[in-house]
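Engineer: For reference, this is my_file-v2.pdb, and it has PDB, C-alpha atoms.
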MODEL        1
ATOM      1  CA  MET A   1     -50.043  12.358  58.040
ATOM      2  CA  THR A   2     -50.315   8.897  59.623
ATOM      3  CA  PRO A   3     -49.213   5.727  57.791
ATOM      4  CA  LEU A   4     -52.871   4.659  57.487
ATOM      5  CA  VAL A   5     -53.844   7.908  55.752
ATOM      6  CA  ALA A   6     -50.781   7.712  53.505
ATOM      7  CA  ALA A   7     -51.620   4.126  52.523
ATOM      8  CA  ALA A   8     -55.238   5.057  51.745
ATOM      9  CA  VAL A   9     -54.157   7.930  49.522
ATOM     10  CA  LEU A  10     -51.614   5.742  47.696
ATOM     11  CA  ILE A  11     -54.335   3.136  47.032
ATOM     12  CA  ALA A  12     -56.508   5.988  45.747
ATOM     13  CA  ALA A  13     -53.681   7.013  43.423
ATOM     14  CA  VAL A  14     -53.581   3.547  41.842
ATOM     15  CA  ALA A  15     -57.362   3.501  41.423
ATOM     16  CA  HIS A  16     -57.346   7.012  39.951
ATOM     17  CA  ALA A  17     -54.681   6.276  37.343
ATOM     18  CA  SER A  18     -56.558   3.094  36.426
ATOM     19  CA  TRP A  19     -59.888   4.790  35.773
ATOM     20  CA  ASN A  20     -58.195   7.548  33.776
ATOM     21  CA  ALA A  21     -56.453   4.931  31.631
ATOM     22  CA  ILE A  22     -59.793   3.177  31.093
ATOM     23  CA  ALA A  23     -61.387   6.475  30.036
ATOM     24  CA  HIS A  24     -58.506   7.321  27.708
ATOM     25  CA  GLY A  25     -58.739   3.869  26.141
ATOM     26  CA  ILE A  26     -62.265   4.579  24.907
ATOM     27  CA  LYS A  27     -61.634   6.691  21.814
ATOM     28  CA  ASP A  28     -64.966   8.530  21.966
ATOM     29  CA  GLN A  29     -64.335  10.635  25.055
ATOM     30  CA  LEU A  30     -67.955  11.737  25.428
ATOM     31  CA  LEU A  31     -68.983   8.086  25.688
ATOM     32  CA  ALA A  32     -66.112   7.355  28.085
ATOM     33  CA  PHE A  33     -67.015  10.087  30.541
ATOM     34  CA  THR A  34     -70.725   9.370  30.198
ATOM     35  CA  LEU A  35     -70.075   5.829  31.432
ATOM     36  CA  VAL A  36     -67.638   6.890  34.161
ATOM     37  CA  GLY A  37     -70.015   9.584  35.402
ATOM     38  CA  GLY A  38     -73.023   7.295  35.171
ATOM     39  CA  GLY A  39     -71.216   4.521  37.039
ATOM     40  CA  GLY A  40     -70.232   6.926  39.797
ATOM     41  CA  ALA A  41     -73.786   8.267  40.059
ATOM     42  CA  VAL A  42     -75.227   4.739  40.338
ATOM     43  CA  CYS A  43     -72.758   3.931  43.133
ATOM     44  CA  GLY A  44     -73.658   7.187  44.877
ATOM     45  CA  LEU A  45     -77.366   6.362  44.704
ATOM     46  CA  ALA A  46     -76.654   2.895  46.097
ATOM     47  CA  LEU A  47     -74.822   4.432  49.068
ATOM     48  CA  LEU A  48     -77.527   6.942  50.001
ATOM     49  CA  PRO A  49     -79.741   4.633  52.130
ATOM     50  CA  PHE A  50     -76.767   3.605  54.262
ATOM     51  CA  VAL A  51     -74.982   6.891  54.997
ATOM     52  CA  PRO A  52     -75.977  10.065  56.875
ATOM     53  CA  ALA A  53     -76.741  13.136  54.795
ATOM     54  CA  PRO A  54     -74.095  15.891  54.832
ATOM     55  CA  ALA A  55     -74.680  18.713  57.307
ATOM     56  CA  GLY A  56     -76.269  21.893  55.985
ATOM     57  CA  ASP A  57     -72.997  23.848  56.136
ATOM     58  CA  ALA A  58     -71.450  21.444  53.613
ATOM     59  CA  TRP A  59     -73.982  21.954  50.818
ATOM     60  CA  PRO A  60     -72.572  25.215  49.356
ATOM     61  CA  TYR A  61     -69.211  23.458  49.056
ATOM     62  CA  LEU A  62     -70.879  20.369  47.622
ATOM     63  CA  LEU A  63     -72.702  22.323  44.901
ATOM     64  CA  ALA A  64     -69.599  24.360  44.025
ATOM     65  CA  SER A  65     -67.547  21.172  43.870
ATOM     66  CA  ALA A  66     -70.027  19.503  41.523
ATOM     67  CA  VAL A  67     -69.677  22.420  39.088
ATOM     68  CA  LEU A  68     -65.868  22.340  39.353
ATOM     69  CA  HIS A  69     -65.818  18.575  38.775
ATOM     70  CA  VAL A  70     -67.866  18.956  35.590
ATOM     71  CA  VAL A  71     -65.450  21.653  34.371
ATOM     72  CA  TYR A  72     -62.566  19.318  35.259
ATOM     73  CA  GLN A  73     -64.112  16.451  33.295
ATOM     74  CA  LEU A  74     -64.679  18.630  30.233
ATOM     75  CA  LEU A  75     -61.079  19.865  30.331
ATOM     76  CA  LEU A  76     -59.753  16.347  30.872
ATOM     77  CA  MET A  77     -61.802  15.108  27.922
ATOM     78  CA  ARG A  78     -60.299  17.881  25.822
ATOM     79  CA  SER A  79     -56.723  17.137  26.869
ATOM     80  CA  PHE A  80     -57.165  13.389  26.286
ATOM     81  CA  THR A  81     -58.585  14.130  22.822
ATOM     82  CA  LEU A  82     -55.640  16.363  21.900
ATOM     83  CA  GLY A  83     -52.708  14.510  23.482
ATOM     84  CA  ASP A  84     -51.303  11.173  24.622
ATOM     85  CA  PHE A  85     -52.258   9.708  27.986
ATOM     86  CA  GLY A  86     -48.611   9.392  29.074
ATOM     87  CA  GLN A  87     -48.107  13.142  28.692
ATOM     88  CA  MET A  88     -51.490  14.741  29.413
ATOM     89  CA  TYR A  89     -52.109  12.809  32.636
ATOM     90  CA  PRO A  90     -48.778  13.814  34.238
ATOM     91  CA  ILE A  91     -49.158  17.476  33.279
ATOM     92  CA  ALA A  92     -52.734  17.662  34.586
ATOM     93  CA  ARG A  93     -51.965  15.899  37.860
ATOM     94  CA  GLY A  94     -48.487  17.352  38.329
ATOM     95  CA  SER A  95     -49.589  20.968  38.105
ATOM     96  CA  ALA A  96     -52.173  20.556  40.877
ATOM     97  CA  PRO A  97     -50.142  20.166  44.135
ATOM     98  CA  LEU A  98     -48.462  23.570  44.053
ATOM     99  CA  ALA A  99     -51.766  25.234  43.235
ATOM    100  CA  VAL A 100     -53.406  23.362  46.143
ATOM    101  CA  THR A 101     -50.642  24.582  48.468
ATOM    102  CA  VAL A 102     -51.333  28.193  47.516
ATOM    103  CA  LEU A 103     -55.134  27.824  47.679
ATOM    104  CA  ALA A 104     -55.078  25.931  50.980
ATOM    105  CA  ALA A 105     -52.876  28.601  52.528
ATOM    106  CA  SER A 106     -55.182  31.339  51.196
ATOM    107  CA  PHE A 107     -58.607  29.841  51.964
ATOM    108  CA  ALA A 108     -58.099  27.121  54.584
ATOM    109  CA  GLY A 109     -55.417  28.816  56.665
ATOM    110  CA  GLU A 110     -53.066  25.856  56.160
ATOM    111  CA  VAL A 111     -49.667  27.544  55.878
ATOM    112  CA  PRO A 112     -47.138  24.809  55.030
ATOM    113  CA  GLY A 113     -44.161  24.158  57.263
ATOM    114  CA  SER A 114     -40.649  24.018  55.849
ATOM    115  CA  TRP A 115     -40.538  20.210  55.477
ATOM    116  CA  GLN A 116     -43.997  20.050  53.933
ATOM    117  CA  LEU A 117     -43.209  22.904  51.543
ATOM    118  CA  ALA A 118     -39.949  21.233  50.529
ATOM    119  CA  GLY A 119     -41.748  17.926  49.981
ATOM    120  CA  VAL A 120     -44.452  19.495  47.828
ATOM    121  CA  ALA A 121     -41.844  21.382  45.785
ATOM    122  CA  VAL A 122     -39.609  18.336  45.237
ATOM    123  CA  ALA A 123     -42.555  16.071  44.406
ATOM    124  CA  SER A 124     -43.940  18.629  41.984
ATOM    125  CA  ALA A 125     -40.517  19.003  40.334
ATOM    126  CA  GLY A 126     -40.471  15.245  39.791
ATOM    127  CA  LEU A 127     -43.956  15.299  38.343
ATOM    128  CA  VAL A 128     -43.115  18.154  35.988
ATOM    129  CA  GLY A 129     -39.983  16.262  34.984
ATOM    130  CA  VAL A 130     -42.116  13.294  33.962
ATOM    131  CA  ALA A 131     -44.247  15.613  31.831
ATOM    132  CA  LEU A 132     -41.356  17.526  30.241
ATOM    133  CA  TRP A 133     -39.515  14.344  29.359
ATOM    134  CA  GLY A 134     -42.608  13.350  27.446
ATOM    135  CA  ILE A 135     -42.199  16.515  25.364
ATOM    136  CA  ARG A 136     -38.463  16.327  24.790
ATOM    137  CA  GLY A 137     -38.145  12.552  24.489
ATOM    138  CA  SER A 138     -40.351  12.453  21.421
ATOM    139  CA  GLY A 139     -38.240  14.958  19.481
ATOM    140  CA  ALA A 140     -41.414  16.822  18.549
ATOM    141  CA  ARG A 141     -42.462  20.342  19.392
ATOM    142  CA  PRO A 142     -44.853  20.747  22.319
ATOM    143  CA  HIS A 143     -48.506  20.653  21.341
ATOM    144  CA  TRP A 144     -49.514  23.800  23.181
ATOM    145  CA  PRO A 145     -53.333  23.486  22.881
ATOM    146  CA  ALA A 146     -53.104  20.051  24.521
ATOM    147  CA  ILE A 147     -50.674  21.281  27.193
ATOM    148  CA  THR A 148     -52.871  24.316  27.912
ATOM    149  CA  ALA A 149     -55.912  22.058  28.346
ATOM    150  CA  ALA A 150     -53.916  19.809  30.702
ATOM    151  CA  LEU A 151     -52.688  22.774  32.774
ATOM    152  CA  ALA A 152     -56.243  24.125  32.992
ATOM    153  CA  THR A 153     -57.286  20.645  34.149
ATOM    154  CA  GLY A 154     -54.667  20.881  36.912
ATOM    155  CA  LEU A 155     -56.074  24.215  38.073
ATOM    156  CA  ALA A 156     -59.572  22.703  38.169
ATOM    157  CA  ILE A 157     -58.199  19.783  40.218
ATOM    158  CA  ALA A 158     -56.607  22.187  42.693
ATOM    159  CA  SER A 159     -59.840  24.180  42.985
ATOM    160  CA  TYR A 160     -62.121  21.237  43.697
ATOM    161  CA  THR A 161     -59.538  19.710  46.055
ATOM    162  CA  VAL A 162     -59.646  22.756  48.329
ATOM    163  CA  VAL A 163     -63.438  23.131  48.066
ATOM    164  CA  ASP A 164     -63.956  19.461  48.900
ATOM    165  CA  GLY A 165     -61.408  19.575  51.715
ATOM    166  CA  LEU A 166     -63.433  22.317  53.382
ATOM    167  CA  GLY A 167     -66.773  20.746  52.484
ATOM    168  CA  VAL A 168     -66.074  17.235  53.729
ATOM    169  CA  ARG A 169     -64.813  18.617  57.038
ATOM    170  CA  ALA A 170     -68.053  20.567  57.425
ATOM    171  CA  SER A 171     -70.229  17.626  56.356
ATOM    172  CA  GLY A 172     -69.913  15.378  59.408
ATOM    173  CA  SER A 173     -70.326  12.484  56.956
ATOM    174  CA  PRO A 174     -67.517  11.832  54.445
ATOM    175  CA  LEU A 175     -69.447   8.935  52.892
ATOM    176  CA  GLY A 176     -72.594  11.027  52.599
ATOM    177  CA  TYR A 177     -70.586  13.829  51.004
ATOM    178  CA  ILE A 178     -68.959  11.573  48.405
ATOM    179  CA  ALA A 179     -72.288   9.880  47.608
ATOM    180  CA  TRP A 180     -74.011  13.180  46.877
ATOM    181  CA  LEU A 181     -71.000  14.513  44.985
ATOM    182  CA  MET A 182     -70.965  11.465  42.719
ATOM    183  CA  ILE A 183     -74.673  11.882  42.024
ATOM    184  CA  LEU A 184     -74.517  15.620  41.311
ATOM    185  CA  GLU A 185     -71.425  15.576  39.115
ATOM    186  CA  GLY A 186     -72.002  12.132  37.642
ATOM    187  CA  LEU A 187     -75.296  12.973  35.949
ATOM    188  CA  ALA A 188     -74.093  16.115  34.158
ATOM    189  CA  ILE A 189     -72.021  14.556  31.350
ATOM    190  CA  PRO A 190     -74.595  11.789  30.649
ATOM    191  CA  ALA A 191     -77.267  14.495  30.355
ATOM    192  CA  CYS A 192     -75.105  16.377  27.837
ATOM    193  CA  ALA A 193     -74.456  13.158  25.906
ATOM    194  CA  LEU A 194     -78.166  12.385  25.773
ATOM    195  CA  ALA A 195     -78.892  15.856  24.397
ATOM    196  CA  VAL A 196     -76.167  15.526  21.731
ATOM    197  CA  ARG A 197     -76.490  11.862  20.689
ATOM    198  CA  ARG A 198     -80.214  11.401  21.375
ATOM    199  CA  GLY A 199     -81.509   8.004  20.220
ATOM    200  CA  ARG A 200     -78.044   6.793  19.199
ATOM    201  CA  LEU A 201     -76.612   7.029  22.706
ATOM    202  CA  LEU A 202     -77.580   3.619  24.093
ATOM    203  CA  SER A 203     -76.358   1.692  21.056
ATOM    204  CA  GLU A 204     -73.058   3.618  21.095
ATOM    205  CA  LEU A 205     -72.569   3.026  24.820
ATOM    206  CA  ARG A 206     -73.219  -0.729  24.727
ATOM    207  CA  PRO A 207     -69.802  -1.904  23.412
ATOM    208  CA  HIS A 208     -67.968   0.078  26.101
ATOM    209  CA  ALA A 209     -70.399  -0.348  29.005
ATOM    210  CA  ALA A 210     -68.421  -2.786  31.164
ATOM    211  CA  ARG A 211     -65.142  -0.853  30.971
ATOM    212  CA  GLY A 212     -66.792   2.521  31.454
ATOM    213  CA  LEU A 213     -68.857   1.469  34.463
ATOM    214  CA  LEU A 214     -65.761  -0.101  36.048
ATOM    215  CA  GLY A 215     -64.106   3.276  35.595
ATOM    216  CA  GLY A 216     -66.996   4.906  37.447
ATOM    217  CA  VAL A 217     -66.656   2.512  40.392
ATOM    218  CA  LEU A 218     -62.894   3.113  40.550
ATOM    219  CA  SER A 219     -63.489   6.870  40.389
ATOM    220  CA  LEU A 220     -65.806   6.816  43.390
ATOM    221  CA  PHE A 221     -63.487   4.502  45.346
ATOM    222  CA  ALA A 222     -60.421   6.651  44.624
ATOM    223  CA  TYR A 223     -61.960   9.989  45.515
ATOM    224  CA  GLY A 224     -63.776   8.590  48.527
ATOM    225  CA  LEU A 225     -60.425   7.553  50.006
ATOM    226  CA  VAL A 226     -58.981  10.993  49.283
ATOM    227  CA  LEU A 227     -61.905  12.782  50.950
ATOM    228  CA  TRP A 228     -61.563  10.542  53.995
ATOM    229  CA  GLY A 229     -57.865  11.413  54.113
ATOM    230  CA  GLN A 230     -58.666  15.129  53.928
ATOM    231  CA  THR A 231     -60.576  14.865  57.201
ATOM    232  CA  ARG A 232     -57.413  13.587  58.910
ATOM    233  CA  ALA A 233     -54.520  15.516  57.353
ATOM    234  CA  ALA A 234     -53.707  18.862  55.730
ATOM    235  CA  LEU A 235     -54.863  19.413  52.147
ATOM    236  CA  ALA A 236     -51.536  20.158  50.421
ATOM    237  CA  PRO A 237     -49.639  16.974  51.386
ATOM    238  CA  ILE A 238     -52.729  14.851  50.637
ATOM    239  CA  ALA A 239     -52.939  16.469  47.192
ATOM    240  CA  ALA A 240     -49.239  15.947  46.492
ATOM    241  CA  LEU A 241     -49.253  12.334  47.695
ATOM    242  CA  ARG A 242     -52.329  11.598  45.596
ATOM    243  CA  GLU A 243     -50.426  12.743  42.525
ATOM    244  CA  SER A 244     -48.139   9.740  42.880
ATOM    245  CA  SER A 245     -50.807   8.349  40.547
ATOM    246  CA  ILE A 246     -48.612   9.848  37.828
ATOM    247  CA  ILE A 247     -46.035   7.128  38.448
ATOM    248  CA  VAL A 248     -48.799   4.533  38.088
ATOM    249  CA  GLY A 249     -50.018   6.308  34.963
ATOM    250  CA  ALA A 250     -46.518   6.288  33.475
ATOM    251  CA  ALA A 251     -46.268   2.550  34.198
ATOM    252  CA  ILE A 252     -49.635   1.928  32.529
ATOM    253  CA  GLY A 253     -48.468   3.991  29.558
ATOM    254  CA  ALA A 254     -45.253   1.973  29.274
ATOM    255  CA  VAL A 255     -46.638  -1.528  29.876
ATOM    256  CA  VAL A 256     -50.192  -1.362  28.514
ATOM    257  CA  LEU A 257     -50.029   1.469  25.969
ATOM    258  CA  LYS A 258     -46.422   0.692  24.912
ATOM    259  CA  GLU A 259     -45.222   4.261  25.481
ATOM    260  CA  ARG A 260     -41.555   4.977  26.185
ATOM    261  CA  PHE A 261     -40.523   5.363  29.826
ATOM    262  CA  GLY A 262     -36.730   5.699  29.798
ATOM    263  CA  ALA A 263     -34.066   6.715  32.323
ATOM    264  CA  PRO A 264     -35.050  10.422  32.533
ATOM    265  CA  ARG A 265     -38.601   9.552  33.492
ATOM    266  CA  ILE A 266     -37.366   6.976  36.018
ATOM    267  CA  ALA A 267     -35.190   9.709  37.580
ATOM    268  CA  ALA A 268     -38.167  12.078  37.709
ATOM    269  CA  ALA A 269     -40.243   9.354  39.378
ATOM    270  CA  GLY A 270     -37.463   8.909  41.950
ATOM    271  CA  LEU A 271     -37.609  12.640  42.659
ATOM    272  CA  MET A 272     -41.330  12.220  43.283
ATOM    273  CA  VAL A 273     -40.630   9.460  45.828
ATOM    274  CA  LEU A 274     -38.129  11.730  47.600
ATOM    275  CA  GLY A 275     -40.769  14.463  47.804
ATOM    276  CA  ILE A 276     -43.281  12.012  49.278
ATOM    277  CA  GLY A 277     -40.708  11.050  51.898
ATOM    278  CA  LEU A 278     -40.256  14.690  52.888
ATOM    279  CA  MET A 279     -44.027  15.158  53.192
ATOM    280  CA  LEU A 280     -44.377  12.084  55.365
ATOM    281  CA  HIS A 281     -41.514  13.356  57.537
ATOM    282  CA  ALA A 282     -43.499  16.573  57.947
ATOM    283  CA  GLY A 283     -46.527  14.517  59.044
TER     284      GLY A 283
ENDMDL
END
Let's see the structure in the file written out as structure tokens.
Structural biologist:
Amino acid sequence: MTPLVAAAVLIAAVAHASWNAIAHGIKDQLLAFTLVGGGGAVCGLALLPFVPAPAGDAWPYLLASAVLHVVYQLLLMRSFTLGDFGQMYPIARGSAPLAVTVLAASFAGEVPGSWQLAGVAVASAGLVGVALWGIRGSGARPHWPAITAALATGLAIASYTVVDGLGVRASGSPLGYIAWLMILEGLAIPACALAVRRGRLLSELRPHAARGLLGGVLSLFAYGLVLWGQTRAALAPIAALRESSIIVGAAIGAVVLKERFGAPRIAAAGLMVLGIGLMLHAG
């Protein structure tokens, strides 16, 4: 992994945590993800005239990814409804890198080397530490339905990461791939919202429109950088490095949402940084 790719993925991590925080901040999650999806779809449509279409071999991956992204969004909506941002976001993102490592080895033939495997394991341990501190630091029992939804979200993340890694490499056009992906996945949740809310939808969306559409733009920007990175480095370290967004999410939770951070979570974040260093050494 080159420094340029690493920097792009770290920027994507900041953008990703930001749009998730925006979505979580809108209490009606159906409205939040309608705006984020709609904003992404509009950006994708705006890109189409300026980018080459993906090659034919990429379309099966593209269609499968769109379905997986919709499943991911539904699960993320569920976890955000049931739990706090500062806990659900780390669990969802932190469970993905190890799953990506296994899936990439199984389906993409990317068997990790010893340094890369150590980096993914250490980074994931740090991420899980952030999540577990959120459980224990509150003094409350774990809310298992919320945790289950977050873990299922992580599995969906791992699945679409591998599918998109293979698809964008086959596309010959990373920008074309991300544009079509944003269109295909971005219209699904708005269509569901229109069917459920009917004539009330526009009036309910209006107070949140600016924030939600900004979230959509950040979503496209973040994942576009990740897909570009996947054409230039192995999937597992890209996935693990992207999950440094958890540190950004924890900071947003502490500063903006006034959630506790504390020494244990700082230590877990430091473990994440150590894991990133090992992955970059492997690159």
Engineer: Kindly give the distance, in Å, that separates atom CA of A:Thr231 and atom CA of A:Asp57, rounded to a single decimal.
Structural biologist: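 Going from atom CA of A:Thr231 over to atom CA of A:Asp57, I get 15.4 Å.
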Engineer: Between atom CA of A:Phe80 and atom CA of A:Leu166, what is the distance in Å, rounded to a tenth?
Structural biologist: 29.2 Å
Engineer: In Å, with one decimal, what is the gap from atom CA of A:Leu151 to atom CA of A:Ala13?
Structural biologist: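 For atom CA of A:Leu151 relative to atom CA of A:Ala13, the distance reads 19.0 Å.
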Engineer: Find the spatial neighbours of A:Leu98, counting all atoms listed in the file, within a cut-off of 8 Å - ignore same-chain residues fewer than 6 positions away - and output them as a PyMOL selection string.
Structural biologist: chain A and resi 120-121+124+236
Engineer: Which is closest to A:Thr101 among A:Ile246, A:Ala158, A:Ala193, A:Ala7, if we use only C-alpha atoms?
Structural biologist: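 The answer is A:Ala158, which sits nearest to A:Thr101.
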Engineer: Compare A:Gly215, A:Gly154, A:Gly86, A:Gly113 by their minimum atom-to-atom distance to A:Trp19, counting all atoms listed in the file, and give me the closest one.
Structural biologist: A:Gly215
Engineer: Where does the PyMOL selection byres ((chain A and resi 161) around 10) land in this file, that is, which residues does it pick, as a PyMOL selection string?
Structural biologist: chain A and resi 65+68-69+96-97+99-100+103-104+155-160+162-167+226-227+230+235-236+238-239
Engineer: Skip A:Ala152 itself and residues of its chain fewer than 4 positions away, then list as number ranges by chain all residues within 10 Å of it, counting only C-alpha atoms.
Structural biologist: A: 71-72, 75-76, 79, 91-92, 95-96, 146-148, 156-158
Engineer: So that I can see what lies close to A:Gly25, please list as a ChimeraX atom specification the residues with an atom at most 10 Å from it, counting all atoms listed in the file and leaving out residues fewer than 3 positions away in the same chain.
Structural biologist: /A:19-22,28-29,32,80,85,208,211-212,257
Engineer: Specify as a list in words each residue included when the PyMOL selection byres ((chain A and resi 217) around 8) is applied to this file.
Structural biologist: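 On this input, the PyMOL selection byres ((chain A and resi 217) around 8) captures Val36, Gly39, Gly40, Cys43, Leu213, Leu214, Gly215, Gly216, Leu218, Ser219, Leu220 and Phe221 of chain A.
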Engineer: Choose the residue, out of A:Ala233, A:Val111, A:Ala15, A:Ile26, that has the smallest atom-to-atom separation from A:Ala210; count only C-alpha atoms.
Structural biologist: A:Ile26
Engineer: Of the candidates A:Tyr89, A:Arg206, A:Leu30, A:Gly83, which shows the shortest atom-to-atom distance to A:Ile252, using all atoms listed in the file?
Structural biologist: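 With all atoms listed in the file as the atom set, the closest residue is A:Tyr89.
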Engineer: Can you translate the PyMOL selection byres ((chain A and resi 63) around 12) into the concrete residues it hits in this file, as a compact mmCIF listing (two decimals) with C-alpha atoms, in the frame of the given file?
Structural biologist:
# COMPACT_ATOMS: atom_id res chain seq x y z
CA PRO A 54 -74.10 15.89 54.83
CA GLY A 56 -76.27 21.89 55.98
CA ASP A 57 -73.00 23.85 56.14
CA ALA A 58 -71.45 21.44 53.61
CA TRP A 59 -73.98 21.95 50.82
CA PRO A 60 -72.57 25.22 49.36
CA TYR A 61 -69.21 23.46 49.06
CA LEU A 62 -70.88 20.37 47.62
CA ALA A 64 -69.60 24.36 44.02
CA SER A 65 -67.55 21.17 43.87
CA ALA A 66 -70.03 19.50 41.52
CA VAL A 67 -69.68 22.42 39.09
CA LEU A 68 -65.87 22.34 39.35
CA HIS A 69 -65.82 18.58 38.78
CA VAL A 70 -67.87 18.96 35.59
CA TYR A 160 -62.12 21.24 43.70
CA VAL A 163 -63.44 23.13 48.07
CA ASP A 164 -63.96 19.46 48.90
CA GLY A 167 -66.77 20.75 52.48
CA TYR A 177 -70.59 13.83 51.00
CA ILE A 178 -68.96 11.57 48.40
CA TRP A 180 -74.01 13.18 46.88
CA LEU A 181 -71.00 14.51 44.98
CA MET A 182 -70.96 11.46 42.72
CA ILE A 183 -74.67 11.88 42.02
CA LEU A 184 -74.52 15.62 41.31
CA GLU A 185 -71.42 15.58 39.12
Engineer: Where does stretch 37-125 of chain A meet stretch 187-191 of chain A within 9 Å, residue by residue, with the nearest atom pair and distance in Å to one decimal for each, counting only C-alpha atoms, listed by chain and rising number, as JSON lines?
Structural biologist:
{"residue": "A:Gly37", "atom": "CA", "partner": "A:Leu187", "partner_atom": "CA", "distance": 6.3}
{"residue": "A:Gly38", "atom": "CA", "partner": "A:Leu187", "partner_atom": "CA", "distance": 6.2}
{"residue": "A:Gly40", "atom": "CA", "partner": "A:Leu187", "partner_atom": "CA", "distance": 8.8}
{"residue": "A:Ala41", "atom": "CA", "partner": "A:Leu187", "partner_atom": "CA", "distance": 6.4}
{"residue": "A:Val70", "atom": "CA", "partner": "A:Ala188", "partner_atom": "CA", "distance": 7.0}
{"residue": "A:Gln73", "atom": "CA", "partner": "A:Ile189", "partner_atom": "CA", "distance": 8.4}
{"residue": "A:Leu74", "atom": "CA", "partner": "A:Ile189", "partner_atom": "CA", "distance": 8.5}
Engineer: Around all the atoms of stretch 214-225 of chain A listed in the file, with 5 Å of room on each side, what axis-aligned box do you get, giving centre and edge lengths in Å to one decimal, as JSON?
Structural biologist:
{"center_x": -63.7, "center_y": 4.9, "center_z": 42.8, "size_x": 16.6, "size_y": 20.1, "size_z": 24.4}
Engineer: My structure is short of atoms at stretch 206-218 of chain A; please model N, CA, C and O atoms there, returning them as a PDB file, in the frame of the given file.
Structural biologist:
ATOM      1  N   ARG A 206     -73.196   0.705  24.418  1.00  0.00           N
ATOM      2  CA  ARG A 206     -73.219  -0.729  24.727  1.00  0.00           C
ATOM      3  C   ARG A 206     -71.857  -1.422  24.585  1.00  0.00           C
ATOM      4  O   ARG A 206     -71.464  -2.174  25.478  1.00  0.00           O
ATOM      5  N   PRO A 207     -71.079  -1.173  23.524  1.00  0.00           N
ATOM      6  CA  PRO A 207     -69.802  -1.904  23.412  1.00  0.00           C
ATOM      7  C   PRO A 207     -68.782  -1.535  24.495  1.00  0.00           C
ATOM      8  O   PRO A 207     -67.843  -2.303  24.743  1.00  0.00           O
ATOM      9  N   HIS A 208     -68.948  -0.386  25.121  1.00  0.00           N
ATOM     10  CA  HIS A 208     -67.968   0.078  26.101  1.00  0.00           C
ATOM     11  C   HIS A 208     -68.504   0.038  27.534  1.00  0.00           C
ATOM     12  O   HIS A 208     -67.830   0.497  28.453  1.00  0.00           O
ATOM     13  N   ALA A 209     -69.707  -0.500  27.720  1.00  0.00           N
ATOM     14  CA  ALA A 209     -70.399  -0.348  29.005  1.00  0.00           C
ATOM     15  C   ALA A 209     -69.616  -0.931  30.173  1.00  0.00           C
ATOM     16  O   ALA A 209     -69.461  -0.279  31.216  1.00  0.00           O
ATOM     17  N   ALA A 210     -69.100  -2.139  30.032  1.00  0.00           N
ATOM     18  CA  ALA A 210     -68.421  -2.786  31.164  1.00  0.00           C
ATOM     19  C   ALA A 210     -67.196  -1.995  31.601  1.00  0.00           C
ATOM     20  O   ALA A 210     -67.000  -1.722  32.795  1.00  0.00           O
ATOM     21  N   ARG A 211     -66.355  -1.610  30.627  1.00  0.00           N
ATOM     22  CA  ARG A 211     -65.142  -0.853  30.971  1.00  0.00           C
ATOM     23  C   ARG A 211     -65.484   0.497  31.576  1.00  0.00           C
ATOM     24  O   ARG A 211     -64.894   0.933  32.561  1.00  0.00           O
ATOM     25  N   GLY A 212     -66.443   1.193  30.978  1.00  0.00           N
ATOM     26  CA  GLY A 212     -66.792   2.521  31.454  1.00  0.00           C
ATOM     27  C   GLY A 212     -67.374   2.510  32.855  1.00  0.00           C
ATOM     28  O   GLY A 212     -67.041   3.343  33.688  1.00  0.00           O
ATOM     29  N   LEU A 213     -68.258   1.550  33.130  1.00  0.00           N
ATOM     30  CA  LEU A 213     -68.857   1.469  34.463  1.00  0.00           C
ATOM     31  C   LEU A 213     -67.822   1.075  35.508  1.00  0.00           C
ATOM     32  O   LEU A 213     -67.861   1.555  36.648  1.00  0.00           O
ATOM     33  N   LEU A 214     -66.872   0.207  35.135  1.00  0.00           N
ATOM     34  CA  LEU A 214     -65.761  -0.101  36.048  1.00  0.00           C
ATOM     35  C   LEU A 214     -64.983   1.164  36.368  1.00  0.00           C
ATOM     36  O   LEU A 214     -64.592   1.392  37.516  1.00  0.00           O
ATOM     37  N   GLY A 215     -64.769   2.000  35.360  1.00  0.00           N
ATOM     38  CA  GLY A 215     -64.106   3.276  35.595  1.00  0.00           C
ATOM     39  C   GLY A 215     -64.866   4.139  36.589  1.00  0.00           C
ATOM     40  O   GLY A 215     -64.267   4.805  37.440  1.00  0.00           O
ATOM     41  N   GLY A 216     -66.184   4.138  36.503  1.00  0.00           N
ATOM     42  CA  GLY A 216     -66.996   4.906  37.447  1.00  0.00           C
ATOM     43  C   GLY A 216     -66.848   4.410  38.869  1.00  0.00           C
ATOM     44  O   GLY A 216     -66.749   5.205  39.817  1.00  0.00           O
ATOM     45  N   VAL A 217     -66.827   3.090  39.053  1.00  0.00           N
ATOM     46  CA  VAL A 217     -66.656   2.512  40.392  1.00  0.00           C
ATOM     47  C   VAL A 217     -65.281   2.876  40.952  1.00  0.00           C
ATOM     48  O   VAL A 217     -65.142   3.275  42.116  1.00  0.00           O
ATOM     49  N   LEU A 218     -64.245   2.764  40.109  1.00  0.00           N
ATOM     50  CA  LEU A 218     -62.894   3.113  40.550  1.00  0.00           C
ATOM     51  C   LEU A 218     -62.791   4.601  40.882  1.00  0.00           C
ATOM     52  O   LEU A 218     -62.086   4.990  41.819  1.00  0.00           O
TER      53      LEU A 218
END
